[in-house]
$ cat upload-v6.txt   # compact mmCIF, C-alpha atoms
# COMPACT_ATOMS: atom_id res chain seq x y z
CA MET A 1351 7.79 30.33 -56.35
CA HIS A 1352 6.16 27.57 -54.40
CA GLU A 1353 3.79 28.39 -51.66
CA VAL A 1354 4.65 26.92 -48.32
CA HIS A 1355 1.66 25.41 -46.60
CA LEU A 1356 1.94 25.49 -42.88
CA SER A 1357 -0.14 23.07 -40.91
CA HIS A 1358 -3.06 24.60 -39.08
CA ARG A 1359 -2.63 22.07 -36.37
CA PRO A 1360 -0.78 23.73 -33.54
CA ILE A 1361 2.25 21.98 -32.14
CA SER A 1362 1.25 20.37 -28.87
CA VAL A 1363 3.21 21.35 -25.81
CA MET A 1364 3.44 19.87 -22.38
CA THR A 1365 4.18 22.20 -19.50
CA ALA A 1366 5.17 20.94 -16.06
CA VAL A 1367 3.50 22.48 -13.05
CA ASN A 1368 6.10 21.84 -10.40
CA PHE A 1369 5.73 21.52 -6.69
CA GLY A 1370 4.66 24.95 -5.37
CA ASP A 1371 3.85 26.33 -8.81
CA LEU A 1372 0.88 27.68 -10.81
CA LYS A 1373 0.34 27.68 -14.57
CA ILE A 1374 -2.47 29.29 -16.57
CA SER A 1375 -2.98 28.52 -20.24
CA GLN A 1376 -5.18 29.65 -23.11
CA ASN A 1377 -3.34 27.52 -25.63
CA PRO A 1378 -5.62 24.66 -26.77
CA ALA A 1379 -2.57 22.65 -27.78
CA GLU A 1380 -1.08 22.81 -24.32
CA THR A 1381 -1.25 20.17 -21.59
CA LEU A 1382 -0.44 21.19 -18.03
CA VAL A 1383 1.11 18.35 -16.02
CA ALA A 1384 1.74 17.98 -12.31
CA PHE A 1385 3.95 14.96 -11.60
CA SER A 1386 4.58 13.15 -8.32
CA ILE A 1387 1.77 14.48 -6.18
CA GLY A 1388 2.15 13.16 -2.63
CA SER A 1389 0.44 14.82 0.32
CA GLY A 1390 0.22 18.01 -1.68
CA MET A 1391 -2.85 18.87 -3.73
CA VAL A 1392 -3.24 19.68 -7.38
CA VAL A 1393 -6.20 21.84 -8.33
CA SER A 1394 -7.24 22.02 -11.97
CA ILE A 1395 -9.82 24.53 -13.20
CA HIS A 1396 -10.93 24.51 -16.83
CA ASP A 1397 -13.30 26.77 -18.74
CA PRO A 1398 -14.67 24.96 -21.82
CA VAL A 1399 -16.17 28.16 -23.26
CA LEU A 1400 -12.90 30.07 -23.26
CA LYS A 1401 -10.77 26.96 -23.74
CA ALA A 1402 -8.59 28.13 -20.91
CA GLY A 1403 -7.47 26.56 -17.70
CA GLY A 1404 -5.06 26.60 -14.82
CA VAL A 1405 -3.34 24.14 -12.52
CA LEU A 1406 -2.02 24.86 -9.04
CA ASN A 1407 0.30 22.41 -7.28
CA PHE A 1408 0.26 23.40 -3.60
CA VAL A 1409 1.87 21.48 -0.77
CA LEU A 1410 0.75 22.98 2.51
CA PRO A 1411 -2.66 24.10 3.75
CA ASP A 1412 -1.97 27.37 5.49
CA SER A 1413 0.73 30.00 5.05
CA MET A 1414 -0.21 31.58 8.39
CA THR A 1415 1.71 28.85 10.21
CA MET A 1416 4.95 30.25 8.78
CA LEU A 1417 6.91 33.46 8.57
CA PRO A 1418 5.11 35.83 6.17
CA GLU A 1419 8.15 36.17 3.89
CA LYS A 1420 7.91 32.49 3.01
CA ALA A 1421 4.43 32.93 1.52
CA GLU A 1422 5.60 36.11 -0.19
CA ARG A 1423 8.45 34.22 -1.86
CA TYR A 1424 6.40 31.11 -2.74
CA PRO A 1425 2.67 31.90 -2.59
CA TYR A 1426 1.80 28.83 -4.69
CA MET A 1427 3.23 26.52 -2.04
CA PHE A 1428 0.12 27.12 0.12
CA ALA A 1429 -3.63 26.64 -0.34
CA ASP A 1430 -4.60 29.97 1.21
CA THR A 1431 -2.24 32.08 -0.90
CA GLY A 1432 -2.26 29.97 -4.09
CA LEU A 1433 -5.94 29.17 -4.69
CA PRO A 1434 -7.15 32.80 -4.80
CA VAL A 1435 -4.48 33.61 -7.42
CA LEU A 1436 -5.48 30.60 -9.54
CA LEU A 1437 -9.13 31.66 -9.57
CA GLU A 1438 -8.42 35.39 -10.01
CA ALA A 1439 -6.10 34.72 -12.94
CA LEU A 1440 -8.87 32.83 -14.74
CA LEU A 1441 -11.53 35.43 -13.90
CA ASP A 1442 -9.21 38.12 -15.26
CA ILE A 1443 -9.20 36.50 -18.69
CA GLY A 1444 -13.00 36.28 -18.72
CA THR A 1445 -13.80 32.97 -17.10
CA LYS A 1446 -17.20 32.68 -15.44
CA THR A 1447 -17.30 30.45 -12.39
CA GLU A 1448 -20.56 28.81 -13.51
CA ASN A 1449 -18.83 27.46 -16.63
CA VAL A 1450 -15.80 25.85 -15.10
CA LYS A 1451 -14.89 22.27 -14.25
CA VAL A 1452 -12.92 21.85 -11.04
CA VAL A 1453 -10.84 18.72 -10.44
CA ILE A 1454 -8.61 18.07 -7.44
CA ALA A 1455 -6.10 15.26 -6.90
CA GLY A 1456 -3.61 14.45 -4.14
CA GLY A 1457 -3.68 14.60 -0.37
CA ALA A 1458 -2.07 11.16 0.04
CA GLN A 1459 -1.09 10.12 3.54
CA VAL A 1460 1.64 8.08 5.14
CA MET A 1461 0.00 5.10 6.92
CA ASP A 1462 -1.36 5.88 10.40
CA GLN A 1463 -0.72 9.56 9.86
CA ASN A 1464 -3.47 10.84 12.08
CA GLY A 1465 -4.07 13.98 14.11
CA GLY A 1466 -2.23 17.20 13.42
CA PHE A 1467 0.41 15.58 11.28
CA ASN A 1468 -2.02 14.52 8.56
CA ILE A 1469 -1.07 17.26 6.13
CA GLY A 1470 -2.65 15.44 3.17
CA LEU A 1471 -6.05 15.60 4.83
CA LYS A 1472 -5.55 19.25 5.79
CA ASN A 1473 -4.64 20.10 2.21
CA HIS A 1474 -7.85 18.48 1.01
CA ARG A 1475 -9.92 20.33 3.61
CA ALA A 1476 -8.30 23.62 2.65
CA ALA A 1477 -9.19 23.12 -1.03
CA ALA A 1478 -12.76 22.03 -0.20
CA ALA A 1479 -13.28 25.02 2.10
CA PHE A 1480 -12.03 27.44 -0.57
CA PHE A 1481 -14.50 26.24 -3.21
CA MET A 1482 -17.36 26.09 -0.72
CA ASP A 1483 -16.65 29.70 0.22
CA LYS A 1484 -16.81 30.68 -3.45
CA ASN A 1485 -20.04 28.71 -3.97
CA MET A 1486 -18.26 26.54 -6.50
CA SER A 1487 -18.50 22.79 -6.66
CA ILE A 1488 -15.66 20.32 -7.08
CA ASP A 1489 -16.66 18.18 -10.07
CA HIS A 1490 -14.22 15.37 -9.46
CA GLN A 1491 -11.79 14.52 -6.70
CA ASP A 1492 -9.20 11.79 -6.41
CA ILE A 1493 -7.79 12.20 -2.95
CA GLY A 1494 -6.20 10.46 0.05
CA GLY A 1495 -4.81 6.95 0.00
CA ILE A 1496 -1.15 5.94 0.11
CA SER A 1497 -0.14 6.34 -3.54
CA ARG A 1498 1.34 9.18 -5.47
CA ARG A 1499 -0.45 10.61 -8.50
CA THR A 1500 0.11 12.55 -11.69
CA LEU A 1501 -2.52 14.89 -13.18
CA ARG A 1502 -2.59 16.20 -16.75
CA LEU A 1503 -5.03 18.88 -17.91
CA ASP A 1504 -5.53 19.14 -21.66
CA ILE A 1505 -6.51 22.75 -22.32
CA GLY A 1506 -8.10 22.05 -25.72
CA SER A 1507 -10.46 19.29 -24.60
CA GLY A 1508 -10.76 20.09 -20.89
CA TYR A 1509 -10.03 16.47 -20.00
CA ASN A 1510 -8.05 15.73 -16.88
CA ILE A 1511 -6.11 12.49 -16.83
CA ILE A 1512 -5.23 11.25 -13.37
CA GLN A 1513 -2.69 8.47 -13.03
CA THR A 1514 -2.31 6.83 -9.65
CA LEU A 1515 0.88 4.79 -9.59
CA GLY A 1516 0.14 1.09 -10.04
CA GLN A 1517 -3.41 1.71 -11.33
CA ALA A 1518 -5.09 2.45 -14.65
CA GLU A 1519 -5.45 6.07 -15.79
CA VAL A 1520 -8.73 7.85 -15.10
CA GLN A 1521 -10.04 10.47 -17.53
CA VAL A 1522 -12.49 13.05 -16.23
CA MET B 936 9.09 -17.48 -0.80
CA THR B 937 12.34 -16.50 -2.48
CA ASN B 938 15.61 -18.11 -1.49
CA ILE B 939 17.27 -15.54 0.77
CA ASP B 940 20.75 -16.70 -0.28
CA ASP B 941 19.93 -15.75 -3.87
CA ILE B 942 19.03 -12.25 -2.75
CA ILE B 943 22.15 -11.92 -0.60
CA SER B 944 24.36 -13.05 -3.47
CA GLY B 945 23.09 -10.01 -5.39
CA ILE B 946 25.25 -7.84 -3.11
CA ASP B 947 28.28 -8.89 -5.14
CA THR B 948 26.79 -7.26 -8.23
CA LEU B 949 26.96 -3.80 -6.63
CA LYS B 950 29.82 -1.48 -7.34
CA PRO B 951 31.93 -1.02 -4.20
CA ILE B 952 32.10 2.39 -2.56
CA PRO B 953 35.46 4.10 -3.26
CA PRO B 954 37.91 3.76 -0.33
CA VAL B 955 38.02 7.47 0.48
CA ALA B 956 34.22 7.69 0.82
CA ALA B 957 34.24 4.53 2.96
CA GLN B 958 36.96 5.99 5.19
CA ILE B 959 35.01 9.22 5.62
CA MET B 960 31.96 7.19 6.64
CA ALA B 961 34.08 5.37 9.23
CA LEU B 962 35.53 8.63 10.60
CA ALA B 963 32.05 10.24 10.71
CA GLU B 964 30.97 7.46 13.04
CA ASP B 965 34.10 7.47 15.20
CA GLU B 966 33.52 9.69 18.22
CA TYR B 967 37.29 10.15 18.68
CA SER B 968 37.89 11.49 15.19
CA SER B 969 37.75 15.18 14.36
CA MET B 970 36.97 17.23 11.28
CA SER B 971 40.69 17.78 10.77
CA ASP B 972 41.18 14.00 10.50
CA ILE B 973 38.67 13.97 7.66
CA ALA B 974 40.32 16.99 6.04
CA ASP B 975 43.72 15.24 6.19
CA LEU B 976 42.27 12.17 4.58
CA ILE B 977 40.72 14.15 1.73
CA VAL B 978 43.75 16.31 1.04
CA HIS B 979 46.03 13.28 0.87
CA ASP B 980 43.90 11.14 -1.40
CA PRO B 981 44.91 11.69 -5.02
CA SER B 982 42.13 9.46 -6.36
CA ILE B 983 39.44 12.02 -5.68
CA THR B 984 41.24 15.19 -6.66
CA ALA B 985 40.32 15.28 -10.36
CA SER B 986 36.61 14.60 -9.93
CA LEU B 987 36.35 16.91 -6.93
CA LEU B 988 38.03 19.81 -8.71
CA LYS B 989 35.81 19.31 -11.75
CA ILE B 990 32.70 19.53 -9.58
CA CYS B 991 33.96 22.51 -7.57
CA ASN B 992 34.87 24.43 -10.73
CA SER B 993 31.47 23.89 -12.31
CA ALA B 994 29.08 26.78 -12.87
CA TYR B 995 26.94 25.40 -10.03
CA PHE B 996 29.22 26.88 -7.39
CA GLY B 997 29.84 30.10 -9.35
CA LEU B 998 33.25 30.72 -7.83
CA SER B 999 35.14 33.76 -9.05
CA ARG B 1000 38.43 31.94 -9.42
CA GLN B 1001 39.61 28.54 -10.55
CA ILE B 1002 40.13 26.00 -7.77
CA GLU B 1003 43.38 24.15 -8.30
CA SER B 1004 43.78 22.05 -5.18
CA VAL B 1005 41.63 20.13 -2.75
CA ARG B 1006 42.89 22.43 0.00
CA ASP B 1007 41.55 25.42 -1.99
CA ALA B 1008 38.23 23.66 -2.40
CA ILE B 1009 37.93 23.12 1.36
CA THR B 1010 38.81 26.77 2.06
CA LEU B 1011 36.35 28.17 -0.46
CA LEU B 1012 33.41 25.79 -0.13
CA GLY B 1013 33.87 24.55 3.42
CA LEU B 1014 34.78 21.09 4.63
CA ASP B 1015 31.13 20.05 5.13
CA GLN B 1016 30.32 20.69 1.48
CA ILE B 1017 33.40 18.79 0.30
CA ILE B 1018 32.59 15.81 2.52
CA GLU B 1019 29.05 15.72 1.13
CA LEU B 1020 30.31 15.90 -2.45
CA ILE B 1021 32.68 12.98 -1.88
CA LEU B 1022 29.91 10.92 -0.27
CA LEU B 1023 27.53 11.72 -3.14
CA ASN B 1024 30.16 10.94 -5.73
CA GLY B 1025 31.05 7.68 -4.01
CA THR B 1026 27.51 6.35 -3.90
CA ALA B 1027 26.02 7.70 -7.14
CA GLU B 1028 27.08 4.83 -9.40
CA ASN B 1029 24.93 2.18 -7.76
CA PHE B 1030 21.89 4.36 -7.35
CA LYS B 1031 21.81 5.65 -10.88
CA ASP B 1032 20.87 2.22 -12.21
CA GLU B 1033 17.12 1.98 -12.22
CA PRO B 1034 15.85 -0.68 -9.85
CA ASP B 1035 13.12 -2.58 -11.63
CA GLY B 1036 10.13 -3.46 -9.55
CA TYR B 1037 9.58 -0.29 -7.55
CA GLY B 1038 8.28 1.49 -10.65
CA LEU B 1039 10.84 4.24 -10.38
CA GLY B 1040 11.83 6.31 -13.36
CA GLU B 1041 15.44 6.68 -14.39
CA GLY B 1042 17.51 8.16 -11.59
CA GLU B 1043 14.55 8.55 -9.24
CA LEU B 1044 16.00 6.38 -6.48
CA TRP B 1045 19.14 8.48 -6.63
CA HIS B 1046 17.11 11.72 -6.49
CA HIS B 1047 15.22 10.39 -3.48
CA ALA B 1048 18.48 9.37 -1.77
CA VAL B 1049 20.06 12.80 -2.22
CA LEU B 1050 16.94 14.71 -1.22
CA SER B 1051 16.55 12.51 1.89
CA ALA B 1052 20.18 13.14 2.82
CA HIS B 1053 19.64 16.87 2.44
CA VAL B 1054 16.46 16.84 4.55
CA ALA B 1055 18.13 14.68 7.22
CA LYS B 1056 20.99 17.16 7.43
CA VAL B 1057 18.56 20.09 7.79
CA LEU B 1058 16.64 18.21 10.51
CA ALA B 1059 19.92 17.42 12.31
CA GLU B 1060 20.82 21.11 12.27
CA ASN B 1061 17.33 22.15 13.43
CA THR B 1062 17.31 19.70 16.31
CA GLY B 1063 20.89 20.24 17.48
CA TRP B 1064 22.36 16.90 16.34
CA THR B 1065 25.13 18.58 14.35
CA SER B 1066 28.00 16.56 15.80
CA ASN B 1067 26.71 13.49 13.95
CA LYS B 1068 25.49 15.25 10.85
CA HIS B 1069 27.79 13.43 8.42
CA LEU B 1070 26.70 10.06 9.80
CA ILE B 1071 23.04 11.12 9.53
CA PHE B 1072 23.62 12.42 5.97
CA THR B 1073 25.32 9.15 4.98
CA ALA B 1074 22.63 6.94 6.50
CA ALA B 1075 19.87 8.89 4.76
CA LEU B 1076 21.79 8.68 1.47
CA LEU B 1077 22.27 4.91 1.73
CA LYS B 1078 19.06 3.86 3.52
CA ASP B 1079 17.42 2.45 0.36
CA ILE B 1080 20.50 0.76 -1.08
CA GLY B 1081 18.73 -2.58 -0.50
CA LYS B 1082 16.14 -1.55 -3.10
CA ILE B 1083 18.75 -1.78 -5.86
CA ILE B 1084 18.89 -5.55 -5.42
CA MET B 1085 15.38 -6.00 -4.03
CA GLY B 1086 13.74 -4.42 -7.09
CA ARG B 1087 13.76 -7.53 -9.24
CA TYR B 1088 12.21 -9.63 -6.46
CA VAL B 1089 9.56 -6.98 -5.82
CA ALA B 1090 8.74 -6.93 -9.54
CA PHE B 1091 8.21 -10.69 -9.51
CA SER B 1092 5.96 -10.56 -6.41
CA TYR B 1093 4.33 -7.19 -6.94
CA GLU B 1094 0.75 -8.46 -7.26
CA LYS B 1095 0.96 -10.32 -3.95
CA ILE B 1096 2.64 -7.39 -2.19
CA ASN B 1097 0.05 -5.03 -3.60
CA ILE B 1098 -2.83 -7.09 -2.18
CA LEU B 1099 -1.29 -7.09 1.30
CA VAL B 1100 -0.68 -3.32 1.16
CA HIS B 1101 -3.97 -2.20 -0.35
CA SER B 1102 -6.34 -4.80 1.11
CA LYS B 1103 -4.78 -6.04 4.34
CA GLY B 1104 -3.24 -2.88 5.76
CA TYR B 1105 0.40 -4.01 5.53
CA SER B 1106 3.08 -1.41 5.08
CA PHE B 1107 5.24 -1.99 2.00
CA ASN B 1108 8.25 -3.24 3.98
CA GLU B 1109 6.02 -5.56 6.07
CA ALA B 1110 4.62 -6.96 2.82
CA GLU B 1111 8.11 -7.40 1.33
CA LYS B 1112 9.10 -9.39 4.40
CA GLU B 1113 5.95 -11.52 4.28
CA ILE B 1114 6.08 -12.34 0.57
CA ILE B 1115 9.79 -12.32 -0.25
CA GLY B 1116 11.13 -13.26 3.17
CA MET B 1117 13.28 -10.16 3.53
CA ASN B 1118 12.72 -6.44 3.13
CA HIS B 1119 14.90 -3.68 1.67
CA GLU B 1120 15.87 -2.45 5.17
CA GLU B 1121 17.32 -5.82 6.19
CA LEU B 1122 19.02 -6.21 2.84
CA GLY B 1123 20.50 -2.70 3.19
CA ALA B 1124 21.95 -3.70 6.58
CA ARG B 1125 23.40 -6.88 5.02
CA ILE B 1126 25.08 -4.76 2.35
CA GLY B 1127 26.47 -2.52 5.10
CA LYS B 1128 27.92 -5.56 6.90
CA LYS B 1129 29.48 -6.94 3.75
CA TRP B 1130 31.02 -3.56 2.98
CA ARG B 1131 32.22 -3.25 6.59
CA PHE B 1132 30.27 -0.13 7.46
CA GLY B 1133 30.31 0.88 11.13
CA ASP B 1134 27.73 -0.68 13.45
CA LYS B 1135 25.74 2.52 13.88
CA LEU B 1136 25.42 3.15 10.15
CA ILE B 1137 24.27 -0.46 9.63
CA TYR B 1138 21.74 -0.04 12.44
CA MET B 1139 20.36 3.18 10.93
CA ILE B 1140 20.01 1.68 7.44
CA GLY B 1141 18.45 -1.48 8.85
CA ASN B 1142 15.87 0.37 10.93
CA HIS B 1143 15.03 3.43 8.88
CA HIS B 1144 11.31 2.58 8.81
CA MET B 1145 11.35 2.15 12.62
CA THR B 1146 9.26 -1.01 12.65
CA ASP B 1147 11.05 -2.14 15.80
CA GLU B 1148 9.76 0.02 18.66
CA THR B 1149 13.10 0.25 20.47
CA CYS B 1150 14.77 2.12 17.61
CA ARG B 1151 12.20 4.92 17.90
CA ASN B 1152 14.23 6.17 20.87
CA ASP B 1153 17.36 6.54 18.78
CA PRO B 1154 17.64 10.19 17.68
CA GLU B 1155 19.95 9.68 14.70
CA THR B 1156 17.78 6.92 13.23
CA ALA B 1157 14.71 9.05 13.95
CA LEU B 1158 16.10 11.89 11.84
CA VAL B 1159 16.72 9.56 8.90
CA TYR B 1160 13.20 8.17 9.30
CA LEU B 1161 11.64 11.63 9.40
CA ALA B 1162 13.62 12.77 6.36
CA ASP B 1163 12.20 9.78 4.47
CA ILE B 1164 8.65 10.65 5.58
CA VAL B 1165 9.07 14.26 4.41
CA CYS B 1166 10.28 13.08 0.98
CA MET B 1167 7.36 10.67 0.69
CA MET B 1168 4.89 13.44 1.53
CA ILE B 1169 6.44 15.67 -1.09
CA GLY B 1170 6.05 12.78 -3.52
CA PHE B 1171 9.68 12.99 -4.55
CA GLY B 1172 11.27 9.74 -5.65
CA THR B 1173 8.46 7.62 -4.29
CA SER B 1174 7.22 4.83 -6.51
CA LEU B 1175 4.92 1.84 -6.31
CA ASP B 1176 5.55 1.72 -2.58
CA GLY B 1177 4.33 5.33 -2.48
CA LEU B 1178 3.54 6.47 1.04
CA ALA B 1179 2.85 2.90 2.24
CA TYR B 1180 5.03 3.11 5.34
CA ARG B 1181 3.99 3.72 8.92
CA PHE B 1182 3.93 7.09 10.60
CA TYR B 1183 4.90 7.17 14.27
CA GLY B 1184 3.88 10.52 15.72
CA GLU B 1185 5.74 9.76 18.95
CA VAL B 1186 9.05 10.00 17.06
CA LEU B 1187 8.36 13.66 16.35
CA ASP B 1188 7.35 14.20 19.98
CA ARG B 1189 10.57 12.64 21.23
CA MET B 1190 12.60 14.86 18.92
CA ASN B 1191 10.59 17.87 20.18
CA LEU B 1192 9.36 18.54 16.68
CA THR B 1193 5.89 19.97 16.15
CA GLU B 1194 3.55 19.92 13.18
CA LYS B 1195 4.73 23.43 12.40
CA ASP B 1196 8.35 22.24 12.31
CA LEU B 1197 7.38 19.45 9.92
CA GLN B 1198 5.57 21.93 7.66
CA ASN B 1199 8.59 24.24 7.70
CA VAL B 1200 10.88 21.39 6.67
CA ILE B 1201 8.50 20.51 3.81
CA PHE B 1202 8.51 24.14 2.67
CA ASP B 1203 12.31 24.47 2.91
CA THR B 1204 12.78 21.22 1.00
CA GLY B 1205 10.50 22.46 -1.75
CA GLU B 1206 12.42 25.70 -1.89
CA SER B 1207 15.83 24.03 -2.15
CA ARG B 1208 14.68 21.26 -4.49
CA GLN B 1209 15.76 22.98 -7.68
CA LYS B 1210 19.22 23.58 -6.27
CA ILE B 1211 19.49 19.94 -5.24
CA GLU B 1212 18.42 18.80 -8.70
CA LYS B 1213 21.21 20.85 -10.24
CA LEU B 1214 23.67 19.29 -7.80
CA LEU B 1215 22.49 15.84 -8.87
CA ASN B 1216 23.64 16.45 -12.39
CA LEU B 1217 27.17 17.20 -11.21
CA VAL B 1218 28.01 13.91 -9.53
$ encode --input "upload-v6.txt" --output "structure tokens"
Amino acid sequence: MHEVHLSHRPISVMTAVNFGDLKISQNPAETLVAFSIGSGMVVSIHDPVLKAGGVLNFVLPDSMTMLPEKAERYPYMFADTGLPVLLEALLDIGTKTENVKVVIAGGAQVMDQNGGFNIGLKNHRAAAAFFMDKNMSIDHQDIGGISRRTLRLDIGSGYNIIQTLGQAEVQV
Amino acid sequence: MTNIDDIISGIDTLKPIPPVAAQIMALAEDEYSSMSDIADLIVHDPSITASLLKICNSAYFGLSRQIESVRDAITLLGLDQIIELILLNGTAENFKDEPDGYGLGEGELWHHAVLSAHVAKVLAENTGWTSNKHLIFTAALLKDIGKIIMGRYVAFSYEKINILVHSKGYSFNEAEKEIIGMNHEELGARIGKKWRFGDKLIYMIGNHHMTDETCRNDPETALVYLADIVCMMIGFGTSLDGLAYRFYGEVLDRMNLTEKDLQNVIFDTGESRQKIEKLLNLV
């Protein structure tokens, strides 16, 4: 009987992190992808020691502006209810905050969108305030502007690839 | 600058809107017509029956019994839903072709059109403009029809447009006008004229970015404009033009909409997005 040799290389998988969603992965063959980021913000945290990471794709800065049941149904839609879950989920599997790389992308704005209606800017501020409160630094940010973006986090390597439409990809 | 006549001649390459959808659009704009006029039109048009029944009997609607007539479909799903399905079905063909030049993926312009129409309808309901909701839905659905033809000209001039947008502060439609001589709004209005749309629908398509200050006082156009802004912010169906259009905060003020209202619409759109995507696959 012939032995069957299975490849030790894991099959790579790509998992979409949709609008208002959160994904955590410990699979080094997995890439988490957030497509079509507009004024929303994608936050990627990766732990190179554990080879684990998570991506949150939130759209609004503050759930307190809405009826509480909305945040209960879709906590990942908001910075204030999504970011703590992203961090907690990684800490639960053994991540140490001093090891991680934090990358944020998004917060685009419609032209002349100033004052209270600038939700892209508010999303950025909400993410920055969260990490400052946790004494964590943001290692790379690609924010603002008038273009949409895509972010891919490769769990195995810890690289984030940010593609801004019409421009070359950036790897961080 | 491109020869405008060449661009205009591209209108003939579009697939015409089926008569029943065109008639519904006309009735939606006619202040003397009623919902029962539209219902009569639908029930008596055999050309739409087969496709409508197929859609209504799909798993999407999860009805407990088979729908066998258009009248049944109206009773079970409501006339508003049936009108929307006919409008979607009547416009899908053109939009499903990918317009080169705007960097959109397959079907993305169509996704953006349907999501915009949905958001515009929700905004119309939230602001009390329900009597014109089918007109508002239609205008939001068709607002970017000019992009279908414009795409190839944008592709050819993209570098120049890009410089104006990213270095000179032009909005994308201002840059289209400057470089190509016409923008997708104007071309959309030309298509509306050629296809004999009503004056109001043509006006709404032709002014959906509200560059002309006077149209910012028009509530129906404002709702289509705001629906577009919401979709851009969500990042849904935007492309190389991205969010490169102008935001006029006074439009929200005039519609008595606050920042909180805008955030609620963004949330609700996100919540219903999956459902809308399933609907897209039906038509």
$ closest_residue --input "upload-v6.txt" --among "A:Leu1372, A:Met1414, A:Ala1458, A:Ile1395" --to "Asp1489 (chain A)" --atoms "only C-alpha atoms"
A:Ile1395
$ residues_around --input "upload-v6.txt" --residues "Ile1169 (chain B)" --least-positions-apart "2" --cutoff "10 Å" --atoms "all atoms listed in the file" --output "PDB file with C-alpha atoms, keeping the file's coordinate frame"
ATOM      1  CA  PHE A1369       5.730  21.520  -6.690  1.00  0.00           C
ATOM      2  CA  SER A1386       4.580  13.150  -8.320  1.00  0.00           C
ATOM      3  CA  ILE A1387       1.770  14.480  -6.180  1.00  0.00           C
ATOM      4  CA  GLY A1388       2.150  13.160  -2.630  1.00  0.00           C
ATOM      5  CA  SER A1389       0.440  14.820   0.320  1.00  0.00           C
ATOM      6  CA  GLY A1390       0.220  18.010  -1.680  1.00  0.00           C
ATOM      7  CA  VAL A1409       1.870  21.480  -0.770  1.00  0.00           C
ATOM      8  CA  LEU A1410       0.750  22.980   2.510  1.00  0.00           C
ATOM      9  CA  ALA A1458      -2.070  11.160   0.040  1.00  0.00           C
ATOM     10  CA  ARG A1498       1.340   9.180  -5.470  1.00  0.00           C
TER      11      ARG A1498
ATOM     12  CA  ASP B1163      12.200   9.780   4.470  1.00  0.00           C
ATOM     13  CA  ILE B1164       8.650  10.650   5.580  1.00  0.00           C
ATOM     14  CA  VAL B1165       9.070  14.260   4.410  1.00  0.00           C
ATOM     15  CA  CYS B1166      10.280  13.080   0.980  1.00  0.00           C
ATOM     16  CA  MET B1167       7.360  10.670   0.690  1.00  0.00           C
ATOM     17  CA  PHE B1171       9.680  12.990  -4.550  1.00  0.00           C
ATOM     18  CA  GLY B1172      11.270   9.740  -5.650  1.00  0.00           C
ATOM     19  CA  THR B1173       8.460   7.620  -4.290  1.00  0.00           C
ATOM     20  CA  LEU B1178       3.540   6.470   1.040  1.00  0.00           C
ATOM     21  CA  ILE B1201       8.500  20.510   3.810  1.00  0.00           C
ATOM     22  CA  PHE B1202       8.510  24.140   2.670  1.00  0.00           C
ATOM     23  CA  THR B1204      12.780  21.220   1.000  1.00  0.00           C
ATOM     24  CA  GLY B1205      10.500  22.460  -1.750  1.00  0.00           C
TER      25      GLY B1205
END
$ closest_residue --input "upload-v6.txt" --among "B:Asp1079, B:Asp947, B:Glu1060, B:Glu1043" --to "chain A" --atoms "only C-alpha atoms"
B:Glu1043
$ atom_distance --input "upload-v6.txt" --atom1 "CA of Phe1182 (chain B)" --atom2 "CA of Ser1102 (chain B)"
18.4 Å
$ closest_residue --input "upload-v6.txt" --among "A:Val1520, A:Met1427, A:Leu1433, A:Val1450" --to "Gln1491 (chain A)" --atoms "all atoms listed in the file"
A:Val1520
$ closest_residue --input "upload-v6.txt" --among "A:Met1482, A:Leu1515, A:Val1392, A:Ala1402" --to "chain B" --atoms "only C-alpha atoms"
A:Leu1515
$ interface_residues --input "upload-v6.txt" --of "chain A" --to "chain B" --cutoff "12 Å" --atoms "all atoms listed in the file" --output "PyMOL selection string"
chain A and resi 1368-1371+1384-1391+1407-1417+1420-1421+1423-1428+1456-1473+1494-1500+1514-1517
$ atom_distance --input "upload-v6.txt" --atom1 "CA of Ile1115 (chain B)" --atom2 "CA of Thr937 (chain B)"
5.4 Å
$ residues_around --input "upload-v6.txt" --residues "Leu988 (chain B)" --least-positions-apart "3" --cutoff "7 Å" --atoms "only C-alpha atoms" --output "list in words"
Thr984, Ala985, Cys991, Asn992, Ile1002, Glu1003 and Val1005 of chain B
$ write_last_selection --input "upload-v6.txt" --atoms "C-alpha atoms" --output "PDB file, in the coordinates of the input"
ATOM      1  CA  THR B 984      41.240  15.190  -6.660  1.00  0.00           C
ATOM      2  CA  ALA B 985      40.320  15.280 -10.360  1.00  0.00           C
ATOM      3  CA  CYS B 991      33.960  22.510  -7.570  1.00  0.00           C
ATOM      4  CA  ASN B 992      34.870  24.430 -10.730  1.00  0.00           C
ATOM      5  CA  ILE B1002      40.130  26.000  -7.770  1.00  0.00           C
ATOM      6  CA  GLU B1003      43.380  24.150  -8.300  1.00  0.00           C
ATOM      7  CA  VAL B1005      41.630  20.130  -2.750  1.00  0.00           C
TER       8      VAL B1005
END
$ atom_distance --input "upload-v6.txt" --atom1 "CA of Ile946 (chain B)" --atom2 "CA of Ile983 (chain B)"
24.5 Å
